[in-house]
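A short worksheet on the structure shown next.
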Amino acid sequence: MSEKPISENHVESRAEFRAITHQLLLGEMTPEQFARLEALMIDDPAARNEYLDQVDVHLGLEKLASVRTSGVASTFSPSGRESSWLIRSWMKLSLAASLLFCLALLTERFIGSPRIIMPIDEDVATAMVETKVRLSQNNAAQFFGELSPTLGSVLNLSRPYVLTSGSVELRFPSGASAIIDAPAMFKIASNDQLDLDSGNCSVHAPDGAEGFRVETPLAKVIDLGTRFAVSVRESGETEVQVVEGEAKVVGKSNDADETVKTTLLKNRDTLVYSAEKDIGIRQVSFDAEQYRYGLRDRIVGYEAAEMTAGDVRELRRLSVQRGGNVYDYDIDELIPAVVASYRTNESERVLTIAYEYDDEKPFDDVLALDRWLDTGLINPGGAKIPLSESPTDATPGLGIRFSTPVINSIGPDLVLFELQSYSNPLTGDAFHVSPLEFRQGLRSLTVKQFDISLISPEARQVVGFGVMQHRGPVHSLADLATVDHTPLNQHLHFRAIAVAIDLSDLGYDSEESVDGLFFQDAMNDDDRTEQSMVDPVYIGGFPAVQVNQ
């Protein structure tokens, strides 16, 4: 008698498969159960693929949890709720770390010799990528065990994704879009269905995308032309909020005798679906903050001229989201900046400039924060507490002036690029940016994370460059040439990372002109043996955007 493949969605086989797998995780599998598990998988590519996907997710979560509990510094610092989600998931799933080992031992013991029983054949591998769902936007997203996919890349079908920080926007062929915020576990079930196991998502399904679905452990939300938000807690409890339009929500139940209830939700309707029978379905107050209309304004990407081995040097173009709209600028359209002042902290040795290896006069162009990503005044001084009054000649930091004033208009108004290696903070070196001249209403801004960081696939590796080491502090631009210095060659690989800055965050009024700014390192590397300082190589202002654009 042939076995029923679970890929054909036979309820009995699927339930049996999960029950046996559970026994394996508990370490209580019998030889007969092992033989049955092998039989369920050996002729069913989908079962093997589902098994491997689960192992992949479980092992990655175990690794993530072990890193966070071992005291190793991490760029992911979740809130208590997020930490609870990760720890609970790890506790429930870490047993799967023994799965492959157990299978190997059991196979050797009961079958005779080890053999691979879970290959992914070509048909399954092809099916995994047969989707047109793309990653359309990325806001500092981190996926455990892998780099974030590049913008525009196609996501795999039925593959679990675990988003540990940041946000992503997915674009479906019908025109529907879903913004997912970390921490979240999700997968693409089809070209018109998103499965959300945990986390928050905001869906917009315009005309023509009716029928798009979001399925959770306890509910299926079917769009009827609307915007809606779905929040799934670690227990599977699902909250659905309709912002506008209509959606049909079908409650799910594991009890075959229980009637599944379908509810039509309209504008500002909210329901919560709970696994606890004494709670069931309940209404809660509508909360407009649950829905995300878009990702925050930020640097989306940049283009730079490639040199040898694909390394880059000259910045050519960049894309920035301003007021929710993406603008593409050639480098010549940006407002360049020049260095007006420079002072390091007191130190016996300090690296001050980055320059081209073949530059015979590295100090000549040091004042120009030009389009070359391998040159700039690096490691300006800093302070833990940002400025609250105008900087003076004795204030450590980097002062810049724009060639023409930058106008505070819609969204971000300027960009800062810095050099960063993997021995430095992955999210970028934190820094303060302050007005050159304070007045009432103005304040400093502390930037703690770059829009394009070392974990971003958009970050490009910069060609090799030299650095100048000064034996003693540099108190002025004149000191750059007079304080004893030695050229050094960098042996590490550096990437160019970028962040956008909104002048409104410094208190400037709309349409106000800004001639220059002052930058300081935030001096926040208390857990590092060596201070990592911000390394600016390009600062440029954006053209003003008219309000009616």
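Letters for chains follow the order of the structure tokens (A, B, ...), residue numbers begin at 1 for each chain, and ligand numbers begin at 1 in the order shown.
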
Neighbours of A:Leu373 within 7 Å (only C-alpha atoms; same-chain residues fewer than 3 positions away dropped), as an mmCIF file with C-alpha atoms, in the first residue's frame?
data_model
loop_
_atom_site.group_PDB
_atom_site.id
_atom_site.type_symbol
_atom_site.label_atom_id
_atom_site.label_comp_id
_atom_site.auth_asym_id
_atom_site.auth_seq_id
_atom_site.Cartn_x
_atom_site.Cartn_y
_atom_site.Cartn_z
ATOM 1 C CA ARG A 313 35.411 55.048 -5.153
ATOM 2 C CA GLU A 314 33.477 57.850 -6.885
ATOM 3 C CA LEU A 315 29.910 58.504 -5.691
ATOM 4 C CA VAL A 462 35.540 51.008 -1.021
ATOM 5 C CA ALA A 496 30.652 53.187 2.500
ATOM 6 C CA VAL A 537 33.926 61.114 3.729
ATOM 7 C CA TYR A 538 31.000 62.903 2.094
#

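Across A:Val339, A:Ile410, A:Ala430, A:Leu506, the tightest approach to A:Asn325 is made by A:Ile410 when counting only C-alpha atoms.
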
Every residue of stretch 157-256 of chain A that DSSP places in strand (DSSP E), as a ChimeraX atom specification: /A:161-171,177-190,193-205,213-215,219-232,238-251

Test item: residues at most 7 Å from stretch 190-200 of chain A, only C-alpha atoms, excluding those fewer than 4 positions along its chain, as a list in words: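 The filter keeps Thr131, Lys132, Val133, Leu157, Phe172, Pro173, Ile180, Asp181, Ala182, Pro183, Ala184, Met185, Phe186, Phe212, Arg213, Val214, Glu215, Thr216, Pro217, Val230, Ser231, Val232, Arg233 and Glu234 of chain A.
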
Let's have the selection written as a PDB file, in the first residue's frame, with N, CA and C atoms.
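Once written, selection.pdb looks like this:
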ATOM      1  N   THR A 131       7.674  32.544  -7.578  1.00  0.00           N
ATOM      2  CA  THR A 131       6.845  33.589  -7.012  1.00  0.00           C
ATOM      3  C   THR A 131       7.250  34.913  -7.635  1.00  0.00           C
ATOM      4  N   LYS A 132       6.332  35.833  -7.649  1.00  0.00           N
ATOM      5  CA  LYS A 132       6.627  37.158  -8.173  1.00  0.00           C
ATOM      6  C   LYS A 132       6.575  38.204  -7.065  1.00  0.00           C
ATOM      7  N   VAL A 133       6.601  37.748  -5.827  1.00  0.00           N
ATOM      8  CA  VAL A 133       6.592  38.654  -4.682  1.00  0.00           C
ATOM      9  C   VAL A 133       7.996  39.196  -4.479  1.00  0.00           C
ATOM     10  N   LEU A 157       9.123  31.011  -2.247  1.00  0.00           N
ATOM     11  CA  LEU A 157       7.793  30.547  -1.878  1.00  0.00           C
ATOM     12  C   LEU A 157       7.891  29.536  -0.739  1.00  0.00           C
ATOM     13  N   PHE A 172       3.250  42.484  -3.989  1.00  0.00           N
ATOM     14  CA  PHE A 172       2.668  41.304  -4.608  1.00  0.00           C
ATOM     15  C   PHE A 172       2.222  41.618  -6.034  1.00  0.00           C
ATOM     16  N   PRO A 173       2.140  40.600  -6.903  1.00  0.00           N
ATOM     17  CA  PRO A 173       1.826  40.840  -8.317  1.00  0.00           C
ATOM     18  C   PRO A 173       0.524  41.592  -8.545  1.00  0.00           C
ATOM     19  N   ILE A 180       5.991  44.778   7.008  1.00  0.00           N
ATOM     20  CA  ILE A 180       6.172  43.874   8.144  1.00  0.00           C
ATOM     21  C   ILE A 180       7.225  44.460   9.073  1.00  0.00           C
ATOM     22  N   ASP A 181       6.891  44.535  10.359  1.00  0.00           N
ATOM     23  CA  ASP A 181       7.798  45.090  11.367  1.00  0.00           C
ATOM     24  C   ASP A 181       8.339  43.975  12.253  1.00  0.00           C
ATOM     25  N   ALA A 182       9.621  44.080  12.587  1.00  0.00           N
ATOM     26  CA  ALA A 182      10.262  43.100  13.455  1.00  0.00           C
ATOM     27  C   ALA A 182       9.814  43.295  14.904  1.00  0.00           C
ATOM     28  N   PRO A 183       9.866  42.210  15.691  1.00  0.00           N
ATOM     29  CA  PRO A 183      10.227  40.842  15.301  1.00  0.00           C
ATOM     30  C   PRO A 183       9.044  40.142  14.646  1.00  0.00           C
ATOM     31  N   ALA A 184       9.303  39.363  13.626  1.00  0.00           N
ATOM     32  CA  ALA A 184       8.213  38.715  12.900  1.00  0.00           C
ATOM     33  C   ALA A 184       8.713  37.434  12.252  1.00  0.00           C
ATOM     34  N   MET A 185       7.799  36.477  12.115  1.00  0.00           N
ATOM     35  CA  MET A 185       8.054  35.249  11.356  1.00  0.00           C
ATOM     36  C   MET A 185       6.975  35.152  10.287  1.00  0.00           C
ATOM     37  N   PHE A 186       7.390  35.008   9.018  1.00  0.00           N
ATOM     38  CA  PHE A 186       6.409  34.985   7.943  1.00  0.00           C
ATOM     39  C   PHE A 186       6.925  34.144   6.789  1.00  0.00           C
ATOM     40  N   PHE A 212      -6.711  39.375  -1.889  1.00  0.00           N
ATOM     41  CA  PHE A 212      -5.427  39.149  -1.231  1.00  0.00           C
ATOM     42  C   PHE A 212      -5.673  38.710   0.208  1.00  0.00           C
ATOM     43  N   ARG A 213      -4.845  37.782   0.713  1.00  0.00           N
ATOM     44  CA  ARG A 213      -5.093  37.193   2.023  1.00  0.00           C
ATOM     45  C   ARG A 213      -3.857  37.262   2.922  1.00  0.00           C
ATOM     46  N   VAL A 214      -4.128  37.408   4.203  1.00  0.00           N
ATOM     47  CA  VAL A 214      -3.118  37.226   5.241  1.00  0.00           C
ATOM     48  C   VAL A 214      -3.638  36.149   6.179  1.00  0.00           C
ATOM     49  N   GLU A 215      -2.878  35.065   6.317  1.00  0.00           N
ATOM     50  CA  GLU A 215      -3.299  33.969   7.169  1.00  0.00           C
ATOM     51  C   GLU A 215      -2.406  33.894   8.393  1.00  0.00           C
ATOM     52  N   THR A 216      -3.024  33.743   9.566  1.00  0.00           N
ATOM     53  CA  THR A 216      -2.312  33.616  10.831  1.00  0.00           C
ATOM     54  C   THR A 216      -2.707  32.289  11.465  1.00  0.00           C
ATOM     55  N   PRO A 217      -2.101  31.931  12.592  1.00  0.00           N
ATOM     56  CA  PRO A 217      -2.480  30.659  13.217  1.00  0.00           C
ATOM     57  C   PRO A 217      -3.956  30.561  13.583  1.00  0.00           C
ATOM     58  N   VAL A 230      -2.643  43.701  10.823  1.00  0.00           N
ATOM     59  CA  VAL A 230      -2.734  42.413  11.502  1.00  0.00           C
ATOM     60  C   VAL A 230      -1.584  42.306  12.491  1.00  0.00           C
ATOM     61  N   SER A 231      -1.911  41.938  13.712  1.00  0.00           N
ATOM     62  CA  SER A 231      -0.899  41.746  14.751  1.00  0.00           C
ATOM     63  C   SER A 231      -1.069  40.351  15.329  1.00  0.00           C
ATOM     64  N   VAL A 232       0.020  39.569  15.314  1.00  0.00           N
ATOM     65  CA  VAL A 232      -0.026  38.194  15.812  1.00  0.00           C
ATOM     66  C   VAL A 232       0.938  38.071  16.988  1.00  0.00           C
ATOM     67  N   ARG A 233       0.405  37.706  18.133  1.00  0.00           N
ATOM     68  CA  ARG A 233       1.234  37.537  19.324  1.00  0.00           C
ATOM     69  C   ARG A 233       1.819  36.132  19.363  1.00  0.00           C
ATOM     70  N   GLU A 234       2.732  35.907  20.308  1.00  0.00           N
ATOM     71  CA  GLU A 234       3.436  34.628  20.363  1.00  0.00           C
ATOM     72  C   GLU A 234       2.496  33.464  20.619  1.00  0.00           C
TER      73      GLU A 234
END

Selection near A:Thr482, 12 Å with only C-alpha atoms, sequence-local residues under 3 positions removed, as an MDAnalysis selection string: chainID A and resid 363 470:479 485:486

Distance query A:Gly166 at most 12 Å, only C-alpha atoms, self and fewer than 5 positions along chain excluded, as a ChimeraX atom specification: /A:75-78,137-144,148,179-184,199-200,295-296,427,449-453,455-456

Pick from A:Gly294, A:Pro487, A:Pro425, A:Pro405, whichever lies nearest to A:Glu512 using only C-alpha atoms: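 Residue with the minimum atom-to-atom distance to A:Glu512: A:Pro405.
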
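Note that the spacing between atom CA of A:Pro543 and atom CA of A:Leu334 amounts to 6.5 Å.
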
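Every protein or nucleic acid residue with an atom no more than 9 Å from A:Asp505, counting only C-alpha atoms and leaving out same-chain residues fewer than 4 positions away, appears here: A:Leu442, A:Arg443, A:Ser444, A:Leu445, A:Ile501.
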
Could you pull out the alpha helix (DSSP H) residues of stretch 117-350 of chain A from DSSP and send them as a PDB file with N, CA, C and O atoms, in the first residue's frame?
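To be explicit, this is the file written out as out.pdb:
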ATOM      1  N   GLU A 122      15.097  18.875  -7.676  1.00  0.00           N
ATOM      2  CA  GLU A 122      15.025  20.054  -8.527  1.00  0.00           C
ATOM      3  C   GLU A 122      13.623  20.624  -8.599  1.00  0.00           C
ATOM      4  O   GLU A 122      13.430  21.838  -8.668  1.00  0.00           O
ATOM      5  N   ASP A 123      12.600  19.747  -8.581  1.00  0.00           N
ATOM      6  CA  ASP A 123      11.233  20.243  -8.665  1.00  0.00           C
ATOM      7  C   ASP A 123      10.883  21.111  -7.470  1.00  0.00           C
ATOM      8  O   ASP A 123      10.268  22.170  -7.598  1.00  0.00           O
ATOM      9  N   VAL A 124      11.280  20.653  -6.273  1.00  0.00           N
ATOM     10  CA  VAL A 124      10.986  21.436  -5.075  1.00  0.00           C
ATOM     11  C   VAL A 124      11.793  22.723  -5.074  1.00  0.00           C
ATOM     12  O   VAL A 124      11.297  23.790  -4.736  1.00  0.00           O
ATOM     13  N   ALA A 125      13.063  22.633  -5.451  1.00  0.00           N
ATOM     14  CA  ALA A 125      13.896  23.833  -5.484  1.00  0.00           C
ATOM     15  C   ALA A 125      13.304  24.863  -6.428  1.00  0.00           C
ATOM     16  O   ALA A 125      13.305  26.065  -6.149  1.00  0.00           O
ATOM     17  N   THR A 126      12.768  24.401  -7.571  1.00  0.00           N
ATOM     18  CA  THR A 126      12.144  25.322  -8.513  1.00  0.00           C
ATOM     19  C   THR A 126      10.875  25.913  -7.933  1.00  0.00           C
ATOM     20  O   THR A 126      10.615  27.110  -8.053  1.00  0.00           O
ATOM     21  N   ALA A 127      10.081  25.073  -7.269  1.00  0.00           N
ATOM     22  CA  ALA A 127       8.823  25.553  -6.700  1.00  0.00           C
ATOM     23  C   ALA A 127       9.058  26.612  -5.645  1.00  0.00           C
ATOM     24  O   ALA A 127       8.249  27.521  -5.467  1.00  0.00           O
ATOM     25  N   MET A 128      10.195  26.519  -4.927  1.00  0.00           N
ATOM     26  CA  MET A 128      10.465  27.475  -3.868  1.00  0.00           C
ATOM     27  C   MET A 128      10.638  28.888  -4.400  1.00  0.00           C
ATOM     28  O   MET A 128      10.414  29.855  -3.687  1.00  0.00           O
ATOM     29  N   VAL A 129      11.040  29.040  -5.638  1.00  0.00           N
ATOM     30  CA  VAL A 129      11.311  30.381  -6.155  1.00  0.00           C
ATOM     31  C   VAL A 129      10.292  30.817  -7.198  1.00  0.00           C
ATOM     32  O   VAL A 129      10.439  31.852  -7.794  1.00  0.00           O
TER      33      VAL A 129
END

Given only C-alpha atoms as the counted atoms, nearest of A:His432, A:Gln531, A:Lys187, A:Asn267 to A:Ser347: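 Checking each of A:His432, A:Gln531, A:Lys187, A:Asn267 against A:Ser347, counting only C-alpha atoms, the winner is A:Gln531.
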
For A:Ala304, the nearest of the candidates A:Thr164, A:Ser403, A:Gln461, A:Thr395, counting only C-alpha atoms: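 Result for the nearest residue to A:Ala304: A:Gln461.
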
Top pick for closest residue to A:Ile539, considering A:Gly208, A:Gly411, A:Gly382, A:Gly399 and counting only C-alpha atoms: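 Looking at the shortest contact to A:Ile539, the residue is A:Gly399.
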
Length of the atom CA of A:Thr150 to atom CA of A:Ser319 vector [Å]: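 According to the coordinates, atom CA of A:Thr150 and atom CA of A:Ser319 are separated by 14.5 Å.
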